[in-house]
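Structure data (mmCIF, C-alpha atoms (C1' of nucleotides)) from structure-v1.cif:
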```
data_model
loop_
_atom_site.label_atom_id
_atom_site.label_comp_id
_atom_site.auth_asym_id
_atom_site.auth_seq_id
_atom_site.Cartn_x
_atom_site.Cartn_y
_atom_site.Cartn_z
CA MET A 496 2.66 24.05 12.05
CA ALA A 497 5.57 25.98 10.56
CA GLY A 498 8.05 23.67 8.87
CA MET A 499 6.13 20.58 9.84
CA LYS A 500 6.43 17.56 7.53
CA LEU A 501 4.06 14.64 7.12
CA THR A 502 4.78 11.56 5.02
CA THR A 503 2.74 8.69 3.66
CA TRP A 504 4.52 5.47 2.77
CA ASN A 505 3.18 2.06 1.84
CA VAL A 506 6.06 -0.09 3.06
CA ASN A 507 4.75 -3.49 1.87
CA SER A 508 5.55 -5.25 5.18
CA LEU A 509 7.10 -3.27 8.02
CA THR A 510 9.02 -6.38 9.07
CA ALA A 511 10.73 -6.53 5.67
CA ARG A 512 11.14 -2.73 5.48
CA LEU A 513 12.06 -1.60 9.01
CA GLN A 514 15.66 -0.84 8.10
CA HIS A 515 14.54 1.21 5.10
CA VAL A 516 12.19 3.21 7.33
CA LEU A 517 14.99 3.83 9.84
CA ASP A 518 17.49 4.75 7.13
CA TRP A 519 15.08 7.04 5.31
CA THR A 520 13.87 8.88 8.41
CA LYS A 521 17.44 9.41 9.53
CA SER A 522 18.09 11.60 6.46
CA ASN A 523 14.44 12.75 6.22
CA PRO A 524 13.39 13.40 9.82
CA VAL A 525 9.72 14.10 9.08
CA ASP A 526 7.45 14.88 12.02
CA VAL A 527 4.62 12.48 11.21
CA LEU A 528 5.08 9.24 9.30
CA CYS A 529 1.95 7.41 8.16
CA LEU A 530 2.55 3.82 7.10
CA GLN A 531 0.39 1.33 5.23
CA GLU A 532 0.57 -2.39 4.60
CA LEU A 533 2.32 -3.20 7.86
CA LYS A 534 1.40 -6.88 7.38
CA LEU A 535 1.90 -7.55 11.06
CA THR A 536 -0.11 -7.71 14.27
CA ASP A 537 0.16 -4.98 16.93
CA ASP A 538 2.31 -7.18 19.18
CA LYS A 539 4.93 -7.46 16.42
CA PHE A 540 5.13 -3.70 15.83
CA PRO A 541 8.78 -2.57 16.27
CA LEU A 542 7.89 0.12 18.81
CA ASP A 543 11.31 0.35 20.46
CA ALA A 544 13.24 0.87 17.22
CA LEU A 545 10.82 3.56 16.04
CA ARG A 546 10.83 5.32 19.39
CA ALA A 547 14.61 5.34 19.30
CA ALA A 548 14.32 6.94 15.85
CA GLY A 549 12.37 9.80 17.42
CA TYR A 550 8.80 8.62 16.90
CA GLU A 551 7.80 8.63 20.52
CA HIS A 552 4.08 8.55 19.80
CA CYS A 553 2.71 5.68 17.72
CA ALA A 554 -0.86 4.71 16.92
CA VAL A 555 -0.95 1.21 15.45
CA PHE A 556 -3.79 -0.72 13.83
CA GLY A 557 -2.22 -3.93 12.63
CA GLN A 558 -3.42 -7.14 11.03
CA LYS A 559 -1.83 -10.47 10.33
CA THR A 560 -0.47 -10.99 6.78
CA TYR A 561 -2.44 -8.22 5.06
CA ASN A 562 -3.23 -4.51 5.48
CA GLY A 563 -2.36 -2.69 8.71
CA VAL A 564 -1.73 1.05 9.19
CA ALA A 565 0.17 3.21 11.68
CA VAL A 566 0.72 6.87 12.52
CA LEU A 567 4.17 7.62 13.95
CA SER A 568 4.68 11.06 15.42
CA ARG A 569 7.21 13.24 17.21
CA TYR A 570 4.24 14.99 18.85
CA PRO A 571 1.53 13.53 21.08
CA LEU A 572 -1.48 11.86 19.50
CA ARG A 573 -5.02 11.79 20.83
CA ASP A 574 -8.55 10.83 19.84
CA VAL A 575 -7.45 7.81 17.81
CA VAL A 576 -10.16 6.16 15.70
CA LYS A 577 -9.72 2.80 13.98
CA ASN A 578 -11.38 2.16 10.60
CA VAL A 579 -14.21 4.03 8.92
CA ASN A 580 -16.91 5.29 11.28
CA GLY A 581 -20.07 3.26 10.88
CA PHE A 582 -18.54 0.85 8.35
CA VAL A 583 -18.02 -2.72 9.49
CA ASP A 584 -14.72 -3.94 8.06
CA GLU A 585 -12.67 -7.08 8.58
CA HIS A 586 -9.55 -5.26 7.37
CA SER A 587 -7.33 -2.78 9.22
CA ARG A 588 -7.30 0.07 6.73
CA LEU A 589 -7.84 3.43 8.37
CA LEU A 590 -6.37 5.26 11.35
CA THR A 591 -7.49 8.73 12.35
CA ALA A 592 -5.68 10.74 15.02
CA THR A 593 -5.10 14.29 16.20
CA VAL A 594 -1.46 15.41 16.22
CA GLU A 595 -0.76 17.96 18.92
CA THR A 596 1.87 20.17 17.32
CA PRO A 597 3.34 23.22 19.09
CA ALA A 598 1.48 25.38 16.55
CA GLY A 599 -1.87 23.67 17.11
CA ASP A 600 -3.73 20.48 16.33
CA VAL A 601 -3.84 18.72 12.99
CA ARG A 602 -6.31 15.91 12.35
CA VAL A 603 -4.60 13.16 10.35
CA VAL A 604 -6.50 10.44 8.47
CA ASN A 605 -4.21 7.66 7.26
CA GLY A 606 -5.68 5.13 4.83
CA TYR A 607 -4.77 1.98 2.99
CA PHE A 608 -7.56 2.13 0.43
CA VAL A 609 -8.99 -1.06 -1.04
CA ASN A 610 -7.21 -2.26 -4.19
CA GLY A 611 -10.32 -3.57 -5.93
CA GLN A 612 -8.54 -6.03 -8.24
CA GLU A 613 -10.82 -5.69 -11.27
CA PRO A 614 -13.92 -3.66 -12.17
CA GLY A 615 -17.02 -5.80 -11.74
CA SER A 616 -15.45 -8.06 -9.12
CA GLN A 617 -16.64 -8.43 -5.54
CA LYS A 618 -13.45 -6.72 -4.42
CA PHE A 619 -14.33 -3.77 -6.63
CA SER A 620 -17.76 -3.56 -5.00
CA TYR A 621 -16.04 -3.60 -1.63
CA LYS A 622 -13.79 -0.77 -2.81
CA MET A 623 -16.79 1.33 -3.82
CA ALA A 624 -18.60 0.67 -0.54
CA TRP A 625 -15.46 1.47 1.46
CA LEU A 626 -14.94 4.72 -0.46
CA GLY A 627 -18.55 5.69 0.19
CA GLY A 628 -18.06 5.07 3.90
CA LEU A 629 -14.81 7.02 3.89
CA ARG A 630 -16.51 10.06 2.38
CA GLU A 631 -19.02 10.16 5.23
CA HIS A 632 -16.22 9.61 7.74
CA LEU A 633 -14.33 12.57 6.25
CA ARG A 634 -17.43 14.72 6.19
CA GLN A 635 -17.70 14.26 9.95
CA GLU A 636 -14.00 14.87 10.51
CA VAL A 637 -13.80 18.14 8.58
CA ALA A 638 -16.93 19.37 10.34
CA GLN A 639 -15.07 19.01 13.64
CA HIS A 640 -11.50 19.79 12.58
CA GLU A 641 -10.64 22.75 10.37
CA ARG A 642 -7.13 21.46 9.85
CA THR A 643 -7.39 17.96 8.41
CA VAL A 644 -4.98 15.94 6.26
CA LEU A 645 -6.10 12.81 4.39
CA LEU A 646 -3.15 10.78 3.20
CA GLY A 647 -2.27 7.25 2.24
CA ASP A 648 -2.28 4.67 -0.51
CA PHE A 649 -5.49 5.60 -2.33
CA ASN A 650 -5.14 2.95 -5.04
CA ILE A 651 -6.58 5.54 -7.44
CA ALA A 652 -4.76 7.34 -10.25
CA PRO A 653 -6.88 10.53 -10.22
CA GLU A 654 -6.11 11.70 -13.77
CA ASP A 655 -4.61 10.36 -17.00
CA ARG A 656 -1.34 12.15 -16.26
CA ASP A 657 -1.03 10.02 -13.10
CA SER A 658 -0.52 6.86 -15.16
CA PHE A 659 2.33 5.67 -17.38
CA ASP A 660 -0.19 4.30 -19.90
CA PRO A 661 -3.58 6.03 -19.56
CA GLU A 662 -4.83 4.82 -22.94
CA GLY A 663 -3.76 1.21 -22.63
CA LEU A 664 -5.03 1.03 -19.05
CA ARG A 665 -8.27 2.92 -19.58
CA ASP A 666 -11.09 1.62 -17.37
CA THR A 667 -8.79 -0.90 -15.68
CA ILE A 668 -8.25 -0.88 -11.92
CA HIS A 669 -7.01 2.47 -10.51
CA HIS A 670 -8.19 4.16 -13.73
CA THR A 671 -11.96 3.69 -13.76
CA ARG A 672 -14.48 6.51 -13.88
CA GLU A 673 -16.06 5.25 -10.65
CA GLU A 674 -12.78 5.40 -8.73
CA ARG A 675 -11.98 8.85 -10.09
CA GLU A 676 -15.45 10.09 -9.17
CA HIS A 677 -14.82 8.95 -5.62
CA PHE A 678 -11.52 10.84 -5.60
CA GLN A 679 -13.36 13.97 -6.79
CA GLY A 680 -16.00 13.33 -4.14
CA LEU A 681 -13.32 13.54 -1.47
CA LEU A 682 -12.03 16.80 -2.98
CA SER A 683 -15.59 18.16 -2.96
CA LEU A 684 -15.56 17.99 0.84
CA GLY A 685 -13.08 20.86 0.71
CA PHE A 686 -9.80 19.02 0.14
CA THR A 687 -7.00 19.80 -2.29
CA ASP A 688 -4.44 17.41 -3.78
CA SER A 689 -1.31 19.02 -2.31
CA PHE A 690 0.95 17.52 -5.00
CA ARG A 691 -0.85 19.52 -7.70
CA LEU A 692 -0.44 22.82 -5.84
CA PHE A 693 3.04 22.89 -7.32
CA GLU A 694 4.78 22.57 -10.65
CA GLN A 695 5.75 18.89 -10.94
CA PRO A 696 7.78 16.89 -13.46
CA ASP A 697 5.83 15.00 -16.12
CA LYS A 698 5.39 11.31 -15.37
CA SER A 699 5.59 11.72 -11.60
CA PHE A 700 4.60 8.43 -9.99
CA SER A 701 4.57 6.94 -6.48
CA TRP A 702 4.32 3.22 -7.32
CA TRP A 703 6.12 1.01 -9.82
CA ASP A 704 5.58 -2.71 -10.50
CA TYR A 705 8.30 -5.00 -9.23
CA ARG A 706 8.07 -6.91 -12.49
CA MET A 707 9.43 -6.16 -15.93
CA LEU A 708 11.82 -3.43 -14.75
CA GLY A 709 8.88 -1.20 -13.89
CA TYR A 710 10.90 1.33 -11.96
CA GLN A 711 13.83 1.43 -14.37
CA LYS A 712 11.39 2.13 -17.22
CA ASN A 713 9.31 4.52 -15.06
CA ARG A 714 6.21 2.48 -15.77
CA GLY A 715 4.35 3.67 -12.69
CA LEU A 716 1.22 5.20 -11.22
CA ARG A 717 0.63 8.10 -8.85
CA ILE A 718 -1.70 6.47 -6.34
CA ASP A 719 -0.29 7.70 -3.01
CA HIS A 720 -1.74 11.08 -2.13
CA ILE A 721 -1.88 13.83 0.47
CA LEU A 722 -5.12 15.82 0.51
CA VAL A 723 -5.36 18.90 2.69
CA SER A 724 -8.31 20.94 3.97
CA ALA A 725 -8.51 24.65 3.10
CA GLN A 726 -7.09 25.70 6.46
CA VAL A 727 -4.03 23.53 5.83
CA GLN A 728 -3.71 24.36 2.14
CA GLN A 729 -2.85 27.99 2.83
CA HIS A 730 0.26 26.83 4.69
CA VAL A 731 1.50 24.16 2.27
CA LYS A 732 5.06 24.86 1.14
CA ALA A 733 5.90 21.72 -0.84
CA CYS A 734 4.80 18.21 -1.76
CA THR A 735 7.38 15.77 -3.05
CA ILE A 736 7.80 12.10 -3.94
CA GLY A 737 10.95 10.53 -2.50
CA ARG A 738 12.28 8.14 -5.11
CA THR A 739 15.54 7.32 -3.32
CA PRO A 740 14.33 4.28 -1.30
CA ARG A 741 12.88 2.72 -4.47
CA LYS A 742 16.47 2.40 -5.72
CA TRP A 743 17.65 0.55 -2.62
CA GLU A 744 17.97 -3.20 -2.39
CA LYS A 745 14.66 -4.99 -1.67
CA PRO A 746 12.54 -1.83 -1.82
CA SER A 747 8.86 -1.30 -1.22
CA ASP A 748 7.07 -0.91 -4.55
CA HIS A 749 5.77 2.45 -3.24
CA ALA A 750 7.71 5.65 -2.66
CA PRO A 751 7.20 7.95 0.33
CA VAL A 752 5.26 11.15 -0.38
CA THR A 753 5.89 14.15 1.88
CA VAL A 754 4.05 17.41 2.43
CA GLU A 755 5.55 20.41 4.22
CA ILE A 756 3.15 22.76 5.96
"C1'" DA B 559 -1.33 -13.64 -20.84
"C1'" DT B 560 -1.81 -18.35 -17.54
"C1'" DG B 561 3.13 -14.73 -17.04
"C1'" DA B 562 6.51 -11.54 -14.56
"C1'" DC B 563 8.22 -9.89 -8.71
"C1'" DG B 564 7.88 -9.69 -3.75
"C1'" DC B 565 5.79 -10.78 0.77
"C1'" DA B 566 3.46 -13.87 4.12
"C1'" DT B 567 2.11 -18.30 5.50
"C1'" DC B 568 5.16 -23.03 9.25
"C1'" DG B 569 7.79 -26.07 5.98
"C1'" DA B 570 5.23 -25.74 -0.70
"C1'" DA B 571 2.04 -23.80 -3.19
"C1'" DT B 572 -1.02 -20.23 -2.94
"C1'" DG B 573 -3.33 -15.62 -2.07
"C1'" DC B 574 -2.70 -11.06 -2.86
"C1'" DG B 575 -1.00 -6.85 -4.42
"C1'" DA B 576 -1.45 -2.88 -8.41
#
```

This structure in structure tokens:
Amino acid sequence: MAGMKLTTWNVNSLTARLQHVLDWTKSNPVDVLCLQELKLTDDKFPLDALRAAGYEHCAVFGQKTYNGVAVLSRYPLRDVVKNVNGFVDEHSRLLTATVETPAGDVRVVNGYFVNGQEPGSQKFSYKMAWLGGLREHLRQEVAQHERTVLLGDFNIAPEDRDSFDPEGLRDTIHHTREEREHFQGLLSLGFTDSFRLFEQPDKSFSWWDYRMLGYQKNRGLRIDHILVSAQVQQHVKACTIGRTPRKWEKPSDHAPVTVEI
DNA sequence: ATGACGCATCGAATGCGA
């Protein structure tokens, strides 16, 4: 596990963002790259280009137009599970796999969490139900795998300091008590938010709205997270948000977040 | 704020994201 890096990145269409992924991984050759919002079907996944970039082992769970997740790895993958155990879902949102690193196995759970649109809406109810299912899924995973990493686009700003406007946005989507309780519920299974293991700059965010110069004004949210089980936490060396790709032309609205273990 | 901005869908206007 020594020196191993894992990244989560919501690319907002892998078709539109393939070159960014290739460019970024060239200067940031992380070992495991977990992507969300592929917005493509499995047959359209650019396997050859990503293999050529060093990601020989890819688990893909795509979907047309919306959602879609993938785990790209330099090491072999096994025991791949699609979606939340026991939760019937039309969307492709979760991919669980074991990464066989030279220093031992790491169970990786990559999620594109439900957005939820607005509290009180049907989509919000779906978000709550999905989060409830995820917690049970995780409970089973950690029972079987001491070294587990849960990462992805959570669509939850866990605390006020994870939002550019916590007062103005209080109780709006990503900021509600119910969402934050679900985030704490995941932590209560024995996980730690790896980003908060370290001193971080104020107003650290992972997403910025495309509109109204959101990035330039740093009007953002920290909604992309990497949670680690206790057996991983003791090895964590750093957790950082990579803002460089957000400055490129036609960027994803999310930044990659990387943990080193 | 109905809005903005970006992506996908067969071909324009709409759904969706956060």

Could you check how far CA of Asp600 (chain A) sits from CA of Asp543 (chain A), in Å to one decimal?
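Value for the CA of Asp600 (chain A)-CA of Asp543 (chain A) distance: 25.5 Å.
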
I need the contact residues of chain A against chain B, so if you could list those with any atom within 7 Å, counting all atoms listed in the file, and return them as a VMD selection string, that would help.
chain A and resid 560 705 to 707

Selection result for the PyMOL selection byres ((chain A and resi 693) around 9) on this file, as a PDB file with C-alpha atoms, keeping the file's coordinate frame:
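Written out: selection.pdb:
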```
ATOM      1  CA  SER A 689      -1.310  19.020  -2.310  1.00  0.00           C
ATOM      2  CA  PHE A 690       0.950  17.520  -5.000  1.00  0.00           C
ATOM      3  CA  ARG A 691      -0.850  19.520  -7.700  1.00  0.00           C
ATOM      4  CA  LEU A 692      -0.440  22.820  -5.840  1.00  0.00           C
ATOM      5  CA  GLU A 694       4.780  22.570 -10.650  1.00  0.00           C
ATOM      6  CA  GLN A 695       5.750  18.890 -10.940  1.00  0.00           C
ATOM      7  CA  LYS A 732       5.060  24.860   1.140  1.00  0.00           C
ATOM      8  CA  ALA A 733       5.900  21.720  -0.840  1.00  0.00           C
ATOM      9  CA  CYS A 734       4.800  18.210  -1.760  1.00  0.00           C
TER      10      CYS A 734
END
```

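Evaluated against the shown file, the PyMOL selection byres ((chain A and resi 569-575) around 9) gives Val525, Asp526, Val527, Arg546, Gly549, Tyr550, Glu551, His552, Cys553, Ala554, Val566, Leu567, Ser568, Val576, Lys577, Leu590, Thr591, Ala592, Thr593, Val594, Glu595, Thr596 and Pro597 of chain A.
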
Could you give me, as JSON lines, a per-residue list for region 695-737 of chain A showing, wherever an atom lies at most 10 Å from an atom of region 664-672 of chain A, the closest pair of atoms and their distance in Å to one decimal, using only C-alpha atoms and sorting by chain then residue number from low to high?
```
{"residue": "A:Leu716", "atom": "CA", "partner": "A:His669", "partner_atom": "CA", "distance": 8.7}
{"residue": "A:Arg717", "atom": "CA", "partner": "A:His669", "partner_atom": "CA", "distance": 9.6}
{"residue": "A:Ile718", "atom": "CA", "partner": "A:His669", "partner_atom": "CA", "distance": 7.8}
```

Restrict the selected residues to C-alpha atoms and save them as an mmCIF file, in the frame of the given file.
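selection-v9.cif, freshly written:
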```cif
data_model
loop_
_atom_site.group_PDB
_atom_site.id
_atom_site.type_symbol
_atom_site.label_atom_id
_atom_site.label_comp_id
_atom_site.auth_asym_id
_atom_site.auth_seq_id
_atom_site.Cartn_x
_atom_site.Cartn_y
_atom_site.Cartn_z
ATOM 1 C CA LEU A 716 1.220 5.200 -11.220
ATOM 2 C CA ARG A 717 0.630 8.100 -8.850
ATOM 3 C CA ILE A 718 -1.700 6.470 -6.340
#
```

Rounded to one decimal place, report the CA of Val752 (chain A)-CA of Trp702 (chain A) distance in Å.
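If I compute the distance from CA of Val752 (chain A) to CA of Trp702 (chain A), I get 10.6 Å.
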
Apply the PyMOL selection byres ((chain A and resi 649) around 8) to the file shown and report the selected residues as a tab-separated table (two decimals) with C-alpha atoms, keeping the file's coordinate frame.
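Saved the output as part.tsv:
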```
chain	number	residue	atom	x	y	z
A	606	GLY	CA	-5.68	5.13	4.83
A	607	TYR	CA	-4.77	1.98	2.99
A	608	PHE	CA	-7.56	2.13	0.43
A	609	VAL	CA	-8.99	-1.06	-1.04
A	646	LEU	CA	-3.15	10.78	3.20
A	647	GLY	CA	-2.27	7.25	2.24
A	648	ASP	CA	-2.28	4.67	-0.51
A	650	ASN	CA	-5.14	2.95	-5.04
A	651	ILE	CA	-6.58	5.54	-7.44
A	718	ILE	CA	-1.70	6.47	-6.34
A	719	ASP	CA	-0.29	7.70	-3.01
A	720	HIS	CA	-1.74	11.08	-2.13
```

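Across the structure, CA of Pro524 (chain A) and CA of Ile736 (chain A) are spaced 14.9 Å apart.
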
Which residue gives the smallest distance to Glu676 (chain A) among A:Pro653, A:Gly599, A:Pro661, A:Gly715, with only C-alpha atoms counted?
A:Pro653

Axis-aligned box for region 560-570 of chain B, 3 Å per side, centre and edges in Å as lines of an AutoDock Vina configuration file:
```
center_x = 3.2
center_y = -17.9
center_z = -4.1
size_x = 16.0
size_y = 22.4
size_z = 32.8
```

Distance criterion (only C-alpha atoms): nearest to Gln514 (chain A) out of A:Ala544, A:Val731, A:Leu530, A:Leu722
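For Gln514 (chain A), the nearest of the candidates is A:Ala544.
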